[in-house]
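What follows is the content of structure.txt (compact mmCIF, C-alpha atoms and all ligand atoms).
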# COMPACT_ATOMS: atom_id res chain seq x y z
CA MET A 1 104.10 108.26 106.94
CA VAL A 2 102.11 106.95 104.01
CA GLY A 3 104.71 105.43 101.65
CA GLY A 4 108.15 104.11 102.52
CA GLY A 5 110.26 104.78 99.43
CA VAL A 6 113.47 106.73 99.77
CA ILE A 7 111.55 109.97 100.40
CA GLY A 8 109.27 108.48 103.06
CA GLN A 9 111.94 106.51 104.92
CA VAL A 10 114.59 109.24 104.95
CA SER A 11 111.91 111.72 106.08
CA ALA A 12 110.86 109.24 108.79
CA LEU A 13 114.46 109.20 110.04
CA ALA A 14 114.54 113.01 110.25
CA LEU A 15 111.20 113.03 112.09
CA ALA A 16 112.36 110.34 114.53
CA ARG A 17 115.55 112.32 115.21
CA ALA A 18 113.32 115.35 115.87
CA ARG A 19 111.57 113.22 118.53
CA TRP A 20 108.37 112.41 116.62
CA ARG A 21 106.97 108.89 117.10
CA VAL A 22 106.65 107.64 113.54
CA THR A 23 104.81 104.80 111.80
CA VAL A 24 105.59 104.02 108.16
CA VAL A 25 102.70 102.35 106.33
CA ASP A 26 103.67 100.71 103.04
CA PRO A 27 102.94 97.23 101.62
CA ALA A 28 106.41 97.07 100.02
CA PRO A 29 108.82 99.67 101.45
CA GLY A 30 111.69 100.56 99.13
CA ARG A 31 110.28 98.54 96.23
CA GLY A 32 108.80 101.44 94.21
CA ALA A 33 110.80 103.79 91.94
CA THR A 34 113.57 103.70 94.54
CA ALA A 35 114.39 100.07 93.73
CA ALA A 36 114.82 100.85 90.02
CA ALA A 37 117.17 103.80 90.61
CA ALA A 38 120.84 103.62 89.76
CA GLY A 39 121.59 105.71 92.85
CA MET A 40 123.64 108.37 91.07
CA LEU A 41 124.20 111.50 93.16
CA ALA A 42 125.51 113.42 90.20
CA PRO A 43 124.77 117.16 90.17
CA GLY A 44 127.93 117.76 88.10
CA GLY A 45 127.33 115.17 85.38
CA GLU A 46 123.63 115.97 85.13
CA ALA A 47 123.73 119.76 84.85
CA ALA A 48 121.18 120.69 82.16
CA PRO A 49 120.30 123.94 80.38
CA GLY A 50 117.63 126.06 82.09
CA GLU A 51 117.87 124.00 85.29
CA GLU A 52 120.24 126.07 87.40
CA GLU A 53 117.87 126.12 90.37
CA ASN A 54 117.51 122.31 90.26
CA HIS A 55 121.28 122.00 89.91
CA ARG A 56 121.84 124.08 93.08
CA LEU A 57 119.33 121.88 94.92
CA HIS A 58 121.10 118.69 93.74
CA GLN A 59 124.46 120.12 94.82
CA ALA A 60 123.05 120.95 98.28
CA ALA A 61 121.61 117.43 98.41
CA LEU A 62 125.01 115.87 97.77
CA ASP A 63 126.35 117.83 100.77
CA ALA A 64 123.32 116.75 102.85
CA TRP A 65 124.11 113.11 101.97
CA ARG A 66 127.30 113.29 104.03
CA ASP A 67 125.21 114.20 107.10
CA LEU A 68 122.72 111.42 106.33
CA VAL A 69 125.54 108.87 106.14
CA GLU A 70 126.82 110.08 109.53
CA GLU A 71 123.38 110.04 111.14
CA VAL A 72 122.78 106.45 110.05
CA ALA A 73 126.25 105.39 111.20
CA GLU A 74 125.76 107.10 114.60
CA THR A 75 122.49 105.24 115.12
CA THR A 76 123.38 101.77 113.84
CA GLY A 77 127.18 101.65 113.68
CA GLU A 78 126.88 100.76 109.97
CA ALA A 79 127.65 103.43 107.37
CA ILE A 80 126.01 103.72 103.95
CA ALA A 81 128.81 103.55 101.38
CA LEU A 82 129.02 106.77 99.35
CA HIS A 83 131.25 106.16 96.32
CA ARG A 84 132.84 109.41 95.12
CA VAL A 85 134.07 108.27 91.73
CA GLY A 86 132.93 111.23 89.58
CA THR A 87 131.11 111.18 86.24
CA LEU A 88 132.87 110.97 82.87
CA VAL A 89 130.66 112.57 80.19
CA VAL A 90 131.38 111.40 76.64
CA GLY A 91 129.87 111.41 73.15
CA LEU A 92 129.99 108.77 70.44
CA ASP A 93 129.62 110.61 67.12
CA ALA A 94 130.29 114.18 66.03
CA GLY A 95 126.78 115.33 67.02
CA ASP A 96 127.16 113.68 70.42
CA ARG A 97 130.51 115.40 70.96
CA ARG A 98 128.79 118.73 70.29
CA LEU A 99 126.21 117.78 72.95
CA VAL A 100 129.08 117.13 75.39
CA GLU A 101 130.55 120.58 74.60
CA GLN A 102 127.14 122.18 75.18
CA TYR A 103 126.76 120.27 78.44
CA ALA A 104 130.24 121.36 79.59
CA GLY A 105 129.42 125.00 78.82
CA VAL A 106 126.24 124.83 80.89
CA ALA A 107 127.89 122.95 83.77
CA ARG A 108 130.84 125.35 83.94
CA GLY A 109 128.36 128.25 83.86
CA TYR A 110 126.76 126.75 87.00
CA GLY A 111 130.19 126.58 88.63
CA VAL A 112 130.79 122.82 88.26
CA ALA A 113 134.52 121.98 88.34
CA LEU A 114 135.13 119.93 85.17
CA ARG A 115 138.32 118.49 83.76
CA THR A 116 138.55 117.98 79.99
CA LEU A 117 140.39 114.72 79.32
CA ALA A 118 142.04 113.41 76.14
CA ARG A 119 142.13 109.63 76.07
CA ARG A 120 145.58 109.67 74.50
CA ASP A 121 147.05 111.49 77.50
CA GLU A 122 144.95 109.96 80.30
CA PRO A 123 143.62 106.54 79.20
CA ALA A 124 142.66 105.17 82.65
CA PRO A 125 139.16 106.73 83.06
CA PHE A 126 138.26 105.59 79.51
CA GLU A 127 138.92 101.90 80.23
CA GLY A 128 136.49 99.65 78.36
CA LEU A 129 134.85 102.45 76.37
CA SER A 130 134.44 102.32 72.59
CA ALA A 131 137.55 103.35 70.60
CA ARG A 132 135.33 106.07 69.08
CA VAL A 133 135.42 107.86 72.45
CA THR A 134 138.64 109.87 72.34
CA GLN A 135 137.83 112.60 74.84
CA GLY A 136 135.48 113.46 77.67
CA VAL A 137 134.82 115.75 80.60
CA LEU A 138 135.09 114.56 84.18
CA ALA A 139 132.85 115.94 86.95
CA GLU A 140 134.95 114.77 89.88
CA GLY A 141 132.58 115.60 92.74
CA ASP A 142 129.80 113.16 91.74
CA ALA A 143 129.05 110.01 93.70
CA TRP A 144 126.75 107.00 93.81
CA VAL A 145 124.99 104.96 96.49
CA ASP A 146 123.25 101.60 96.22
CA PRO A 147 119.54 102.34 96.83
CA ASP A 148 118.94 98.79 98.17
CA GLU A 149 121.68 99.34 100.75
CA VAL A 150 120.31 102.81 101.56
CA MET A 151 116.85 101.42 102.21
CA ALA A 152 118.16 98.60 104.41
CA ARG A 153 120.41 100.86 106.49
CA VAL A 154 117.88 103.69 106.84
CA ARG A 155 115.27 101.18 107.94
CA ALA A 156 117.67 99.74 110.52
CA ALA A 157 118.33 103.29 111.83
CA ASN A 158 114.60 104.03 111.90
CA GLU A 159 113.81 100.86 113.82
CA ALA A 160 116.62 101.61 116.28
CA LEU A 161 114.94 104.99 116.90
CA GLY A 162 111.55 103.34 117.45
CA VAL A 163 109.95 103.91 114.03
CA GLU A 164 107.30 101.26 113.39
CA TYR A 165 106.66 99.68 109.98
CA ARG A 166 103.25 98.40 108.91
CA ALA A 167 103.18 96.30 105.73
CA SER A 168 99.83 97.56 104.58
CA SER A 169 98.23 99.68 101.87
CA VAL A 170 96.52 102.95 102.78
CA ARG A 171 93.01 103.25 101.36
CA ARG A 172 91.87 106.55 102.82
CA CYS A 173 93.26 109.52 104.73
CA SER A 174 91.20 112.02 106.69
CA ARG A 175 91.12 114.41 109.61
CA VAL A 176 88.93 113.84 112.67
CA VAL A 177 88.83 116.74 115.13
CA SER A 178 92.53 117.50 115.67
CA ARG A 179 93.90 114.11 114.57
CA VAL A 180 94.98 112.78 111.19
CA VAL A 181 93.49 109.36 110.42
CA VAL A 182 94.74 106.66 108.10
CA GLU A 183 92.60 103.74 107.01
CA ALA A 184 94.83 100.92 105.87
CA ASP A 185 94.15 97.34 104.80
CA ASP A 186 95.09 96.08 108.27
CA GLY A 187 93.08 98.65 110.27
CA SER A 188 93.24 102.33 111.10
CA LEU A 189 95.80 104.55 112.72
CA GLU A 190 95.76 108.11 114.01
CA GLY A 191 98.30 110.78 114.83
CA ASP A 192 99.15 114.47 115.05
CA LEU A 193 100.73 114.74 111.62
CA GLY A 194 100.50 112.82 108.34
CA LEU A 195 102.98 112.80 105.47
CA VAL A 196 102.11 111.30 102.10
CA ALA A 197 105.21 110.09 100.23
CA THR A 198 103.67 107.70 97.73
CA GLY A 199 105.88 108.71 94.80
CA SER A 200 104.08 108.64 91.45
CA THR A 201 100.92 107.07 92.94
CA GLY A 202 99.69 110.44 94.15
CA LEU A 203 97.27 111.15 96.96
CA PRO A 204 95.10 108.51 98.63
CA THR A 205 91.32 109.02 98.67
CA GLY A 206 90.24 111.70 101.14
CA LEU A 207 93.04 114.17 100.39
CA GLU A 208 92.94 116.87 97.74
CA ALA A 209 95.87 118.31 95.84
CA PRO A 210 96.28 122.10 96.05
CA PRO A 211 95.76 123.93 92.73
CA ALA A 212 98.62 123.44 90.24
CA THR A 213 100.15 120.60 92.27
CA SER A 214 100.23 117.22 90.59
CA VAL A 215 102.40 114.20 89.86
CA ARG A 216 102.45 111.93 86.85
CA PRO A 217 104.40 108.70 86.34
CA VAL A 218 107.37 108.58 83.95
CA ARG A 219 108.46 104.99 83.51
CA GLY A 220 112.14 104.16 83.63
CA MET A 221 114.11 100.94 83.43
CA THR A 222 117.62 100.02 84.51
CA LEU A 223 119.42 96.81 83.55
CA ARG A 224 121.57 94.95 86.06
CA VAL A 225 124.37 92.93 84.51
CA VAL A 226 127.45 91.07 85.68
CA GLY A 227 130.38 91.57 83.36
CA PRO A 228 133.30 93.97 83.18
CA ASP A 229 134.82 95.13 86.48
CA ARG A 230 134.12 98.89 86.42
CA TYR A 231 133.97 99.39 90.21
CA HIS A 232 137.10 101.57 90.29
CA LEU A 233 136.04 103.70 87.31
CA PRO A 234 134.01 106.91 87.11
CA MET A 235 130.33 106.62 86.27
CA VAL A 236 129.85 107.07 82.53
CA ARG A 237 127.24 109.36 81.06
CA ALA A 238 127.18 109.14 77.29
CA TYR A 239 125.30 110.64 74.40
CA VAL A 240 124.65 107.92 71.81
CA HIS A 241 123.37 109.38 68.53
CA GLY A 242 121.56 111.98 70.63
CA ARG A 243 120.20 109.55 73.24
CA PRO A 244 121.39 109.62 76.86
CA PHE A 245 122.91 106.48 78.41
CA TYR A 246 124.71 105.84 81.70
CA ALA A 247 126.61 103.06 83.42
CA VAL A 248 127.52 102.69 87.09
CA GLY A 249 130.08 100.03 88.03
CA ARG A 250 129.47 98.38 91.38
CA ALA A 251 131.47 95.79 93.30
CA GLU A 252 131.89 92.22 92.05
CA ARG A 253 131.56 93.14 88.34
CA TYR A 254 127.95 94.25 88.87
CA ASN A 255 126.93 97.08 86.51
CA VAL A 256 123.80 99.19 86.39
CA LEU A 257 122.88 100.47 82.93
CA GLY A 258 120.26 103.10 82.38
CA ALA A 259 117.85 104.39 81.75
CA SER A 260 114.81 104.41 79.57
CA SER A 261 112.24 107.17 79.92
CA GLU A 262 108.62 106.83 78.78
CA GLU A 263 105.59 108.94 79.73
CA SER A 264 103.59 105.98 80.94
CA PRO A 265 101.98 104.57 84.09
CA VAL A 266 102.38 101.00 82.78
CA ARG A 267 105.17 99.06 84.44
CA ALA A 268 105.58 96.56 81.59
CA VAL A 269 108.62 97.28 79.41
CA GLU A 270 108.34 97.50 75.65
CA LEU A 271 110.85 95.41 73.69
CA GLY A 272 111.96 98.47 71.72
CA GLU A 273 112.75 100.26 74.99
CA LEU A 274 114.88 97.31 76.11
CA GLN A 275 116.56 97.04 72.71
CA ARG A 276 117.55 100.74 72.67
CA LEU A 277 119.15 100.48 76.09
CA VAL A 278 121.09 97.29 75.24
CA ARG A 279 122.19 98.66 71.86
CA ASP A 280 123.39 101.96 73.34
CA GLY A 281 125.18 100.11 76.14
CA LEU A 282 127.05 97.89 73.70
CA GLU A 283 128.02 100.86 71.54
CA VAL A 284 129.52 102.75 74.47
CA ILE A 285 131.02 99.78 76.37
CA PRO A 286 131.64 97.00 73.81
CA GLU A 287 132.89 94.57 76.48
CA LEU A 288 129.31 94.35 77.79
CA GLU A 289 128.76 91.95 74.87
CA THR A 290 129.55 88.94 77.10
CA ALA A 291 127.97 90.29 80.30
CA ASP A 292 125.20 88.26 81.98
CA LEU A 293 121.82 89.98 82.31
CA LEU A 294 120.72 89.57 85.94
CA GLU A 295 117.52 91.56 85.98
CA THR A 296 115.60 94.53 84.65
CA ARG A 297 114.12 96.91 87.17
CA VAL A 298 111.27 99.21 86.28
CA GLY A 299 110.04 102.20 88.26
CA LEU A 300 107.63 105.08 87.84
CA ARG A 301 109.37 108.41 88.44
CA PRO A 302 107.12 110.98 90.14
CA ALA A 303 107.16 114.05 87.85
CA SER A 304 105.43 117.30 88.82
CA GLY A 305 104.10 119.84 86.29
CA ASP A 306 107.32 121.92 86.39
CA LEU A 307 109.59 118.92 87.11
CA ARG A 308 110.46 120.35 90.52
CA PRO A 309 110.06 118.56 93.84
CA PHE A 310 107.47 119.91 96.25
CA LEU A 311 106.31 119.72 99.85
CA ALA A 312 102.64 120.71 99.83
CA ASP A 313 100.67 121.65 102.94
CA LEU A 314 97.31 119.89 102.43
CA GLY A 315 95.84 121.38 105.61
CA GLY A 316 94.59 119.65 108.73
CA GLY A 317 98.01 118.21 109.60
CA TRP A 318 98.55 116.53 106.21
CA TRP A 319 101.65 117.12 104.04
CA TRP A 320 102.59 115.74 100.63
CA SER A 321 106.20 115.29 99.52
CA SER A 322 106.66 114.28 95.89
CA GLY A 323 107.79 115.34 92.40
CA HIS A 324 111.37 114.14 92.88
CA TYR A 325 111.30 112.79 89.33
CA ARG A 326 114.76 111.60 88.16
CA HIS A 327 116.56 112.66 91.34
CA GLY A 328 114.67 111.33 94.35
CA VAL A 329 117.59 109.36 95.76
CA THR A 330 119.79 112.45 95.49
CA LEU A 331 117.13 114.74 96.93
CA ALA A 332 115.92 112.56 99.84
CA PRO A 333 117.96 114.29 102.59
CA VAL A 334 116.88 117.71 101.29
CA ALA A 335 113.22 116.63 101.23
CA ALA A 336 113.60 115.45 104.84
CA ARG A 337 115.13 118.77 105.94
CA ARG A 338 112.38 120.69 104.21
CA LEU A 339 109.81 118.68 106.15
CA ILE A 340 111.49 119.31 109.50
CA ASP A 341 111.74 123.05 108.68
CA ALA A 342 107.98 122.99 108.05
CA VAL A 343 106.77 120.88 111.01
CA GLY A 344 109.53 121.32 113.61
CA SER A 345 110.28 118.98 116.50
CA ALA A 346 107.70 117.02 118.46
C1 LIG B 1 115.01 103.82 86.13
C2 LIG B 1 115.18 104.87 87.18
C3 LIG B 1 116.46 105.32 87.49
C4 LIG B 1 116.64 106.32 88.47
N1 LIG B 1 117.90 106.70 88.80
C5 LIG B 1 118.09 107.64 89.77
C6 LIG B 1 119.39 108.01 90.16
O1 LIG B 1 120.39 107.48 89.65
N2 LIG B 1 119.55 108.98 91.11
C7 LIG B 1 118.48 109.57 91.70
O2 LIG B 1 118.66 110.45 92.54
N3 LIG B 1 117.20 109.20 91.38
C8 LIG B 1 116.99 108.28 90.42
N4 LIG B 1 115.72 107.91 90.05
C9 LIG B 1 114.58 108.62 90.63
C10 LIG B 1 114.20 108.07 92.00
O3 LIG B 1 114.18 106.67 91.94
C11 LIG B 1 112.82 108.60 92.43
O4 LIG B 1 112.78 110.01 92.30
C12 LIG B 1 112.57 108.23 93.89
O5 LIG B 1 112.74 106.85 94.08
C13 LIG B 1 111.18 108.66 94.34
O6 LIG B 1 111.05 108.21 95.65
P1 LIG B 1 109.64 108.16 96.36
O7 LIG B 1 109.88 107.68 97.76
O8 LIG B 1 108.92 109.46 96.16
O9 LIG B 1 108.81 107.09 95.50
P2 LIG B 1 108.84 105.49 95.51
O10 LIG B 1 110.20 104.97 95.65
O11 LIG B 1 108.04 105.07 94.33
O12 LIG B 1 108.09 105.11 96.85
C14 LIG B 1 106.70 105.30 97.01
C15 LIG B 1 106.23 104.26 98.01
O13 LIG B 1 104.86 104.52 98.31
C16 LIG B 1 104.21 103.29 98.49
N5 LIG B 1 102.77 103.50 98.29
C17 LIG B 1 102.14 103.91 97.18
N6 LIG B 1 100.81 103.98 97.39
C18 LIG B 1 100.62 103.60 98.70
C19 LIG B 1 99.47 103.46 99.52
N7 LIG B 1 98.23 103.74 99.08
N8 LIG B 1 99.65 103.08 100.81
C20 LIG B 1 100.89 102.80 101.30
N9 LIG B 1 102.01 102.93 100.56
C21 LIG B 1 101.86 103.31 99.28
C22 LIG B 1 104.85 102.35 97.46
O14 LIG B 1 104.71 100.99 97.86
C23 LIG B 1 106.29 102.83 97.47
O15 LIG B 1 107.12 102.03 98.33
C24 LIG B 1 115.51 106.89 89.12
C25 LIG B 1 114.23 106.43 88.83
C26 LIG B 1 114.06 105.41 87.87
C27 LIG B 1 112.68 104.91 87.60

As structure tokens, please, write out the structure in this file.
Amino acid sequence: MVGGGVIGQVSALALARARWRVTVVDPAPGRGATAAAAGMLAPGGEAAPGEEENHRLHQAALDAWRDLVEEVAETTGEAIALHRVGTLVVGLDAGDRRLVEQYAGVARGYGVALRTLARRDEPAPFEGLSARVTQGVLAEGDAWVDPDEVMARVRAANEALGVEYRASSVRRCSRVVSRVVVEADDGSLEGDLGLVATGSTGLPTGLEAPPATSVRPVRGMTLRVVGPDRYHLPMVRAYVHGRPFYAVGRAERYNVLGASSEESPVRAVELGELQRLVRDGLEVIPELETADLLETRVGLRPASGDLRPFLADLGGGWWWSSGHYRHGVTLAPVAARRLIDAVGSA
């Protein structure tokens, strides 16, 4: 397994459960795009026009998450917490409210169960939101996980099943006779099967992408703040003068605010990008004004040409799983199943 982000490590778990002996090679497992993610598993709140197929995949992934949680708990005795709080979708100005209506039309067309809420009648889900937000739609089935917790628990399950971790960077991949070979900074390694799950980094030297298969990095940033206690509240997805914004309330007044989106491979954040996110956050949730900024996290989302995830057969025992773009945490258990369907048990 070349790359130990959420895709690589969850796939490693599926392989180990299918009796493969697995080694994950990554200099910093779980510290790529996965670390920047808010961890929203939100097929309902994120339904978008023209993306019905992706929506169905995200919905299936949410169901697959329940199995993943059970598998990890069975192996380690420690469950990953899946918080089913739903997503409240709101708009700030008249144009934004029209965007919410359009979103609701699309989501209902895909079969998402939505409840339209008036703040006057049901104030609780609107707690802390700007007074300008007087209504919203609630996608009750959506959930969130903490990607840091996911990575720690999946790694513990993997290690309990004998998966080895090598903190090393892969320089070259190849095939020698009937074996796949990995040349890493700390030496080489060979096996029967190789999976590349390097996110937006793409393929290491020695492997070639099939025609029309590619990934490009789309930078994104989330802010981590300590402030209002929003743990018991639905996730908020807001349109702010046409721009998307979201907030996820975690335990101990920890909030994740997101997310910027820039077509760029550069991990440094532009001040304007940071300013837009802070400004939109304060407009939607004014009580963030006195929150403490803990950290910014930046990640490069792996986007394919058609924005769909893929599992590509590179030949000679090599596979490439990428293109999970804005939904890799959601899609990880589906990516793992796809891999097992392709390669079977050891
Ligand atoms: C700001 C932001 C917010 C997001 N929010 C959400 C969300 O709420 N919900 C959701 O579902 N998704 C979200 N995503 C998307 C999600 O984070 C990604 O789709 C997902 O993390 C991709 O996982 P990955 O394992 O493919 O890539 P990564 O997590 O980037 O992992 C790739 C790994 O490969 C390793 N690697 C690279 N090159 C080599 C090499 N040569 N040798 C060895 N190892 C190598 C890296 O060290 C890294 O650990 C968000 C993304 C961002 C940036």

Check: Can I get the residues close to ligand LIG 1 (chain B) as a PyMOL selection string, where close means within 6 Å and we count only C-alpha atoms and all ligand atoms?
Finding: chain A and resi 2-8+25-34+36-41+169-171+197-199+201+204+219-222+259+298-301+322+324-330

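Nearest residue to Val154 in chain A, choosing from A:Gly77, A:Gly315, A:Gly281, A:Pro125 and counting only C-alpha atoms: A:Gly77.
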
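Compared by their closest atoms to Leu82 in chain A, and using all atoms listed in the file, the residues A:Ala60, A:Ala94, A:Ala167, A:Ala143 rank with A:Ala143 nearest.
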
Item checked: Shell of 8 Å around Arg19 in chain A, only C-alpha atoms, local chain residues under 3 positions omitted, as a list in words -> Leu15, Ala16, Ser345 and Ala346 of chain A

With 5 Å added on each side, what axis-aligned box encloses every listed atom of range 19-26 of chain A? Give the centre and edge lengths in Å to one decimal, as JSON.
{"center_x": 107.1, "center_y": 107.0, "center_z": 110.8, "size_x": 18.9, "size_y": 22.5, "size_z": 25.5}

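Across A:Glu74, A:Leu68, A:Leu282, A:Phe126, the tightest approach to Ala14 in chain A is made by A:Leu68 when counting all atoms listed in the file.
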
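Residues with any atom within 9 Å of Thr87 in chain A, counting all atoms listed in the file and excluding same-chain neighbours fewer than 4 positions away, are Ala42, Gly44, Gly45, Glu46, Val137, Leu138, Ala139, Glu140, Gly141, Asp142, Ala143, Pro234, Met235, Val236 and Arg237 of chain A.
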
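Minimum atom-to-atom distances from A:Ala251, A:Val266, A:Val284, A:Val196 to Ser11 in chain A were compared using only C-alpha atoms, and the lowest value belongs to A:Val196.
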
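One distance worth recording is that between CA of Gly50 in chain A and CA of Gly323 in chain A, which is 17.8 Å.
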
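Comparing the minimum interatomic distances between Met1 in chain A and each of A:Leu314, A:Leu99, A:Ile285, A:Leu13, counting all atoms listed in the file, we find that A:Leu13 sits nearest.
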
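Note that the spacing between CA of Trp318 in chain A and CA of Asp192 in chain A amounts to 9.1 Å.
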
Notebook entry, point to check: Looking at A:Leu195, A:Leu339, A:Ala73, A:Leu274, which one is nearest to Ala160 in chain A, with distances taken over all atoms listed in the file?
Noted result: A:Ala73

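Between CA of Tyr254 in chain A and CA of Thr290 in chain A lies a distance of 13.0 Å.
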
Next item on the list: Extract, using all atoms listed in the file, all DNA, RNA and protein residues at most 12 Å from Ala152 in chain A, discarding same-chain residues fewer than 4 positions from it, and format them as a PyMOL selection string.
Entry: chain A and resi 4-6+9-10+29-31+35+72+76+78-80+146-148+156-159

Margin query: At a cut-off of 8 Å, using all atoms listed in the file, what residues contact Gly305 in chain A? Leave out same-chain residues fewer than 5 positions from it and give the result as a VMD selection string.
Written below: chain A and resid 212 to 215

Item checked: Spatial neighbours of range 242-246 of chain A, 7 Å, all atoms listed in the file, chain gap at least 2 places, as a list in words -> Asp96, Val236, Arg237, Ala238, Tyr239, Val240, Val248, Leu257, Gly258, Ala259 and Asp280 of chain A
